[in-house]
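The structure under discussion appears below in the form of structure tokens.
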Amino acid sequence: MPLDMLSHFSLLFYSVAFAMCFAALALCIACWLKEKELWQFKTMLFIIYFTFLFFLEALFFYLTHVMHLSENRWYVSLFLMLRDLGYALLLYYLGATLNYIRRISWKPSQLFLVILAGIIYFAGTLVNRFGQMPPFVSSAMSLLLFGVQAYLLANSAKSIKTVSEVRLRISLIIVLLVPLIFLPLIMIFRALMPDRLALNFILMSQFYFWLSLGAVIYFLQPLAIFRSGGELDLSPVNREKYGLTEREAEIIRGIDRGLSYKEIAGELKISPNTVSNHITRIYRKTGIRSKVELLKKLQ
């Protein structure tokens, strides 16, 4: 059966959104290979995770809307279970990634709430898949998932004002706003128009596109040329102000020259891992989050 125009648009949106997912992943991998920082590696795992979720959404759309297979077939049901499990775990991984970027830990109450909401959501989808659940219960579970995500994202929004880099602030705003805008729309359209799979898939593609765009903007910053644009002030007085050692000052000068961890390590006759440890301590002492912020602070 030929596809209608809306279905063609949905596949076009999917192609663009999936390309953006891979662009975000490629930039993240490039940053990690350049700097070998743990936060980049963990963020890379998160991008791989939500790209895989997007793939499951596309596979479900293809099987049910293009091939017109019944959801009762075992392999379609398996894909649906994986998708539901993925969204239950996304609740944890999204919060954990944001926490790691902001360099904070879970509060026990937040972690308990996230785990409980994830378990309830996945258990509810299993019951709904193999049994019969009233529509209002299914809607309540979706609202629970969105409510917990909204709480985590609103809590994360408090740290945006502490970010001085414009590009980083923009990317964080996008990542925080996208779930709050698109997840309610997706739930509303699925509830009101469950048979309009193509339209629902377009909304889902938009969700992943903008989420990936936020990641692309985020990782353009570490790949920028890390020159300060001015003379660094690494005088004994300024080093004493932040508690920087002479070795840490040498590493900062290497960063200002645009050298990689490996190149700095080669000049100083130390290992790249030692350079990474020094930079972590420099960040902690100066209270900054990126190399760009570091160089601006020491001008």
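By convention here, the chains of the structure tokens are called A, B, ... in the order presented, each chain's residues are numbered starting at 1, and ligands are numbered starting at 1 in the order presented.
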
Open item on the list: Give me the residues near A:Tyr92 as a list in words, where near means some atom within 12 Å (using only C-alpha atoms) and where sequence neighbours in that chain fewer than 6 positions away do not count.
Closed with: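 Returned residues: Phe46, Tyr49, Leu85, Gly86, Leu98, Asn99, Trp106, Gln110, Leu111, Phe112, Leu113, Val114, Ile115, Leu116, Ala117, Gly118, Ile119, Leu145, Val148, Gln149, Leu152 and Leu153 of chain A.
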
Open item on the list: Which residues are near A:Leu12? Cut-off 12 Å, only C-alpha atoms, ignore same chain within fewer than 4 positions. Put them as an NGL selection string.
Closed with: :A and (5-8 or 16-19 or 58 or 198 or 201-202 or 205-206)

Task: Residues flagged alpha helix (DSSP H) by DSSP in stretch 173-294 of chain A, as a ChimeraX atom specification - done: /A:173-192,197-220,236-242,246-256,261-268,272-286,291-294

Task: Nearest residue to A:Phe60 from the set A:Phe9, A:Phe182, A:Ala123, A:Asn200 (distances using only C-alpha atoms) - done: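 Between A:Phe9, A:Phe182, A:Ala123, A:Asn200, the residue approaching A:Phe60 most closely is A:Asn200.
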
Task: Length of the atom CA of A:Ile282 to atom CA of A:Leu220 vector [Å] - done: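 One can read the atom CA of A:Ile282 to atom CA of A:Leu220 distance as 21.8 Å.
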
TODO: For atom CA of A:Tyr121 and atom CA of A:Thr43, quote the distance in Å rounded to one decimal.
DONE: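 Value for the atom CA of A:Tyr121-atom CA of A:Thr43 distance: 24.4 Å.
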
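Taking atom CA of A:Met187 and atom CA of A:Leu143 as endpoints, the distance between them is 8.4 Å.
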
Could you list, as a short mmCIF file (atom, residue, chain, number, x, y, z; two decimals) with C-alpha atoms, in the first residue's frame, every residue within 12 Å of A:Lys262, counting only C-alpha atoms and ignoring same-chain residues fewer than 4 positions away?
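around.cif, written as the output of this step:
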```
data_model
loop_
_atom_site.label_atom_id
_atom_site.label_comp_id
_atom_site.auth_asym_id
_atom_site.auth_seq_id
_atom_site.Cartn_x
_atom_site.Cartn_y
_atom_site.Cartn_z
CA LEU A 33 39.23 11.49 22.08
CA LYS A 34 40.72 14.98 22.35
CA GLU A 35 40.44 15.43 26.11
CA LYS A 36 39.57 12.01 27.60
CA ILE A 251 49.15 22.96 32.03
CA GLY A 254 49.34 24.53 27.30
CA ILE A 255 45.54 24.76 27.16
CA GLY A 258 45.37 24.91 22.06
CA GLY A 266 54.54 15.05 25.98
CA GLU A 267 55.95 18.51 26.70
CA LEU A 268 55.85 18.06 30.49
CA LYS A 269 57.03 14.41 30.37
CA ILE A 270 53.96 13.15 32.25
CA SER A 271 51.06 10.87 31.28
CA PRO A 272 47.83 12.20 29.70
CA ASN A 273 45.95 10.75 32.67
CA THR A 274 48.05 12.89 35.02
CA VAL A 275 47.20 15.95 32.91
CA SER A 276 43.50 15.07 33.19
#
```

- [ ] Choose the residue, out of A:Met204, A:Gly95, A:Cys21, A:Phe209, that has the smallest atom-to-atom separation from A:Glu57; count only C-alpha atoms.
- [x] A:Met204

- [ ] Can you work out which one of A:Leu38, A:Asp256, A:Ser105, A:Phe13 has the shortest atom-to-atom distance to A:Asn277, counting only C-alpha atoms?
- [x]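 For A:Asn277, the nearest of the given residues is A:Leu38.
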
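Among the candidates A:Phe50, A:Tyr75, A:Trp32, A:Tyr93, the residue lying nearest to A:Phe207 is A:Phe50 (atoms considered: only C-alpha atoms).
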
Open item on the list: At a cut-off of 12 Å, using only C-alpha atoms, what residues contact A:Phe61? Leave out same-chain residues fewer than 5 positions from it and give the result as a PyMOL selection string.
Closed with: chain A and resi 7+10-11+14+54-56+66-71+76+79-80+83+195-202+204-205

Go ahead and save the picked residues with N, CA and C atoms, as a PDB file, in the first residue's frame.
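Now in selection15.pdb:
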```pdb
ATOM      1  N   SER A   7       2.944  10.415   5.903  1.00  0.00           N
ATOM      2  CA  SER A   7       3.922   9.370   6.180  1.00  0.00           C
ATOM      3  C   SER A   7       5.265   9.695   5.543  1.00  0.00           C
ATOM      4  N   SER A  10       6.873  12.224   7.698  1.00  0.00           N
ATOM      5  CA  SER A  10       7.363  11.627   8.942  1.00  0.00           C
ATOM      6  C   SER A  10       8.709  10.942   8.720  1.00  0.00           C
ATOM      7  N   LEU A  11       8.874  10.257   7.580  1.00  0.00           N
ATOM      8  CA  LEU A  11      10.151   9.608   7.278  1.00  0.00           C
ATOM      9  C   LEU A  11      11.234  10.643   6.991  1.00  0.00           C
ATOM     10  N   TYR A  14      12.270  12.013  10.308  1.00  0.00           N
ATOM     11  CA  TYR A  14      13.081  10.989  10.990  1.00  0.00           C
ATOM     12  C   TYR A  14      14.515  11.005  10.476  1.00  0.00           C
ATOM     13  N   PHE A  54      15.399   6.127  19.884  1.00  0.00           N
ATOM     14  CA  PHE A  54      14.810   6.697  18.673  1.00  0.00           C
ATOM     15  C   PHE A  54      14.713   5.637  17.572  1.00  0.00           C
ATOM     16  N   PHE A  55      15.732   4.801  17.487  1.00  0.00           N
ATOM     17  CA  PHE A  55      15.718   3.712  16.507  1.00  0.00           C
ATOM     18  C   PHE A  55      14.562   2.754  16.781  1.00  0.00           C
ATOM     19  N   LEU A  56      14.305   2.450  18.054  1.00  0.00           N
ATOM     20  CA  LEU A  56      13.192   1.574  18.396  1.00  0.00           C
ATOM     21  C   LEU A  56      11.860   2.204  18.007  1.00  0.00           C
ATOM     22  N   VAL A  66       4.058   0.993   8.105  1.00  0.00           N
ATOM     23  CA  VAL A  66       4.485   0.735   6.729  1.00  0.00           C
ATOM     24  C   VAL A  66       4.182  -0.708   6.324  1.00  0.00           C
ATOM     25  N   MET A  67       4.549  -1.648   7.208  1.00  0.00           N
ATOM     26  CA  MET A  67       4.294  -3.059   6.906  1.00  0.00           C
ATOM     27  C   MET A  67       2.927  -3.525   7.399  1.00  0.00           C
ATOM     28  N   HIS A  68       2.277  -2.699   8.232  1.00  0.00           N
ATOM     29  CA  HIS A  68       0.926  -3.001   8.737  1.00  0.00           C
ATOM     30  C   HIS A  68       0.873  -4.327   9.510  1.00  0.00           C
ATOM     31  N   LEU A  69       1.890  -4.546  10.346  1.00  0.00           N
ATOM     32  CA  LEU A  69       1.909  -5.735  11.190  1.00  0.00           C
ATOM     33  C   LEU A  69       1.156  -5.463  12.486  1.00  0.00           C
ATOM     34  N   SER A  70       0.545  -6.457  13.030  1.00  0.00           N
ATOM     35  CA  SER A  70      -0.209  -6.327  14.273  1.00  0.00           C
ATOM     36  C   SER A  70       0.734  -6.210  15.465  1.00  0.00           C
ATOM     37  N   GLU A  71       0.324  -5.412  16.444  1.00  0.00           N
ATOM     38  CA  GLU A  71       1.122  -5.287  17.670  1.00  0.00           C
ATOM     39  C   GLU A  71       1.144  -6.582  18.469  1.00  0.00           C
ATOM     40  N   VAL A  76       6.983  -7.689  17.454  1.00  0.00           N
ATOM     41  CA  VAL A  76       6.507  -6.313  17.645  1.00  0.00           C
ATOM     42  C   VAL A  76       6.315  -6.034  19.134  1.00  0.00           C
ATOM     43  N   PHE A  79       9.701  -5.408  20.718  1.00  0.00           N
ATOM     44  CA  PHE A  79      10.183  -4.051  20.472  1.00  0.00           C
ATOM     45  C   PHE A  79       9.468  -3.048  21.374  1.00  0.00           C
ATOM     46  N   LEU A  80       8.167  -3.256  21.563  1.00  0.00           N
ATOM     47  CA  LEU A  80       7.406  -2.351  22.421  1.00  0.00           C
ATOM     48  C   LEU A  80       7.871  -2.439  23.871  1.00  0.00           C
ATOM     49  N   ARG A  83      11.107  -0.641  24.146  1.00  0.00           N
ATOM     50  CA  ARG A  83      10.866   0.801  24.108  1.00  0.00           C
ATOM     51  C   ARG A  83      10.358   1.306  25.454  1.00  0.00           C
ATOM     52  N   ASP A 195      -4.612   6.596  16.235  1.00  0.00           N
ATOM     53  CA  ASP A 195      -4.493   5.996  14.913  1.00  0.00           C
ATOM     54  C   ASP A 195      -3.642   6.846  13.962  1.00  0.00           C
ATOM     55  N   ARG A 196      -3.304   8.064  14.363  1.00  0.00           N
ATOM     56  CA  ARG A 196      -2.477   8.930  13.507  1.00  0.00           C
ATOM     57  C   ARG A 196      -1.003   8.707  13.840  1.00  0.00           C
ATOM     58  N   LEU A 197      -0.499   7.535  13.490  1.00  0.00           N
ATOM     59  CA  LEU A 197       0.867   7.165  13.833  1.00  0.00           C
ATOM     60  C   LEU A 197       1.895   8.073  13.171  1.00  0.00           C
ATOM     61  N   ALA A 198       1.636   8.481  11.940  1.00  0.00           N
ATOM     62  CA  ALA A 198       2.588   9.327  11.223  1.00  0.00           C
ATOM     63  C   ALA A 198       2.750  10.678  11.925  1.00  0.00           C
ATOM     64  N   LEU A 199       1.645  11.271  12.349  1.00  0.00           N
ATOM     65  CA  LEU A 199       1.704  12.552  13.048  1.00  0.00           C
ATOM     66  C   LEU A 199       2.414  12.411  14.389  1.00  0.00           C
ATOM     67  N   ASN A 200       2.115  11.341  15.108  1.00  0.00           N
ATOM     68  CA  ASN A 200       2.800  11.094  16.376  1.00  0.00           C
ATOM     69  C   ASN A 200       4.295  10.900  16.170  1.00  0.00           C
ATOM     70  N   PHE A 201       4.655  10.237  15.078  1.00  0.00           N
ATOM     71  CA  PHE A 201       6.074   9.982  14.807  1.00  0.00           C
ATOM     72  C   PHE A 201       6.807  11.271  14.441  1.00  0.00           C
ATOM     73  N   ILE A 202       6.104  12.197  13.758  1.00  0.00           N
ATOM     74  CA  ILE A 202       6.715  13.497  13.458  1.00  0.00           C
ATOM     75  C   ILE A 202       7.034  14.238  14.753  1.00  0.00           C
ATOM     76  N   MET A 204       7.582  12.869  17.674  1.00  0.00           N
ATOM     77  CA  MET A 204       8.678  12.160  18.312  1.00  0.00           C
ATOM     78  C   MET A 204      10.012  12.507  17.657  1.00  0.00           C
ATOM     79  N   SER A 205      10.018  12.633  16.333  1.00  0.00           N
ATOM     80  CA  SER A 205      11.249  13.006  15.624  1.00  0.00           C
ATOM     81  C   SER A 205      11.705  14.401  16.008  1.00  0.00           C
TER      82      SER A 205
END
```

- [ ] Compile the contact shell of stretch 246-248 of chain A as a PyMOL selection string: residues with an atom at most 8 Å away, counting only C-alpha atoms, same-chain residues fewer than 2 positions apart removed.
- [x] chain A and resi 244+250-252+278-279+282

TODO: Write out as a PyMOL selection string the residues lying within 6 Å of stretch 171-177 of chain A, counting only C-alpha atoms and excluding same-chain residues fewer than 2 positions away.
DONE: chain A and resi 153+168-169+179-180+211+214+217-218

Would you put the residues from that selection into a file with C-alpha atoms, as a compact mmCIF listing (two decimals), in the first residue's frame?
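So the final result, stored in again.txt, reads:
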```txt
# COMPACT_ATOMS: atom_id res chain seq x y z
CA LEU A 153 14.41 19.38 34.84
CA LEU A 168 26.74 26.21 27.02
CA ARG A 169 23.80 28.06 28.55
CA PRO A 179 11.14 17.35 27.21
CA LEU A 180 8.84 19.87 28.90
CA LEU A 211 17.46 17.18 22.08
CA GLY A 214 21.27 20.86 22.27
CA ILE A 217 25.75 23.03 20.54
CA TYR A 218 27.13 21.75 23.84
```
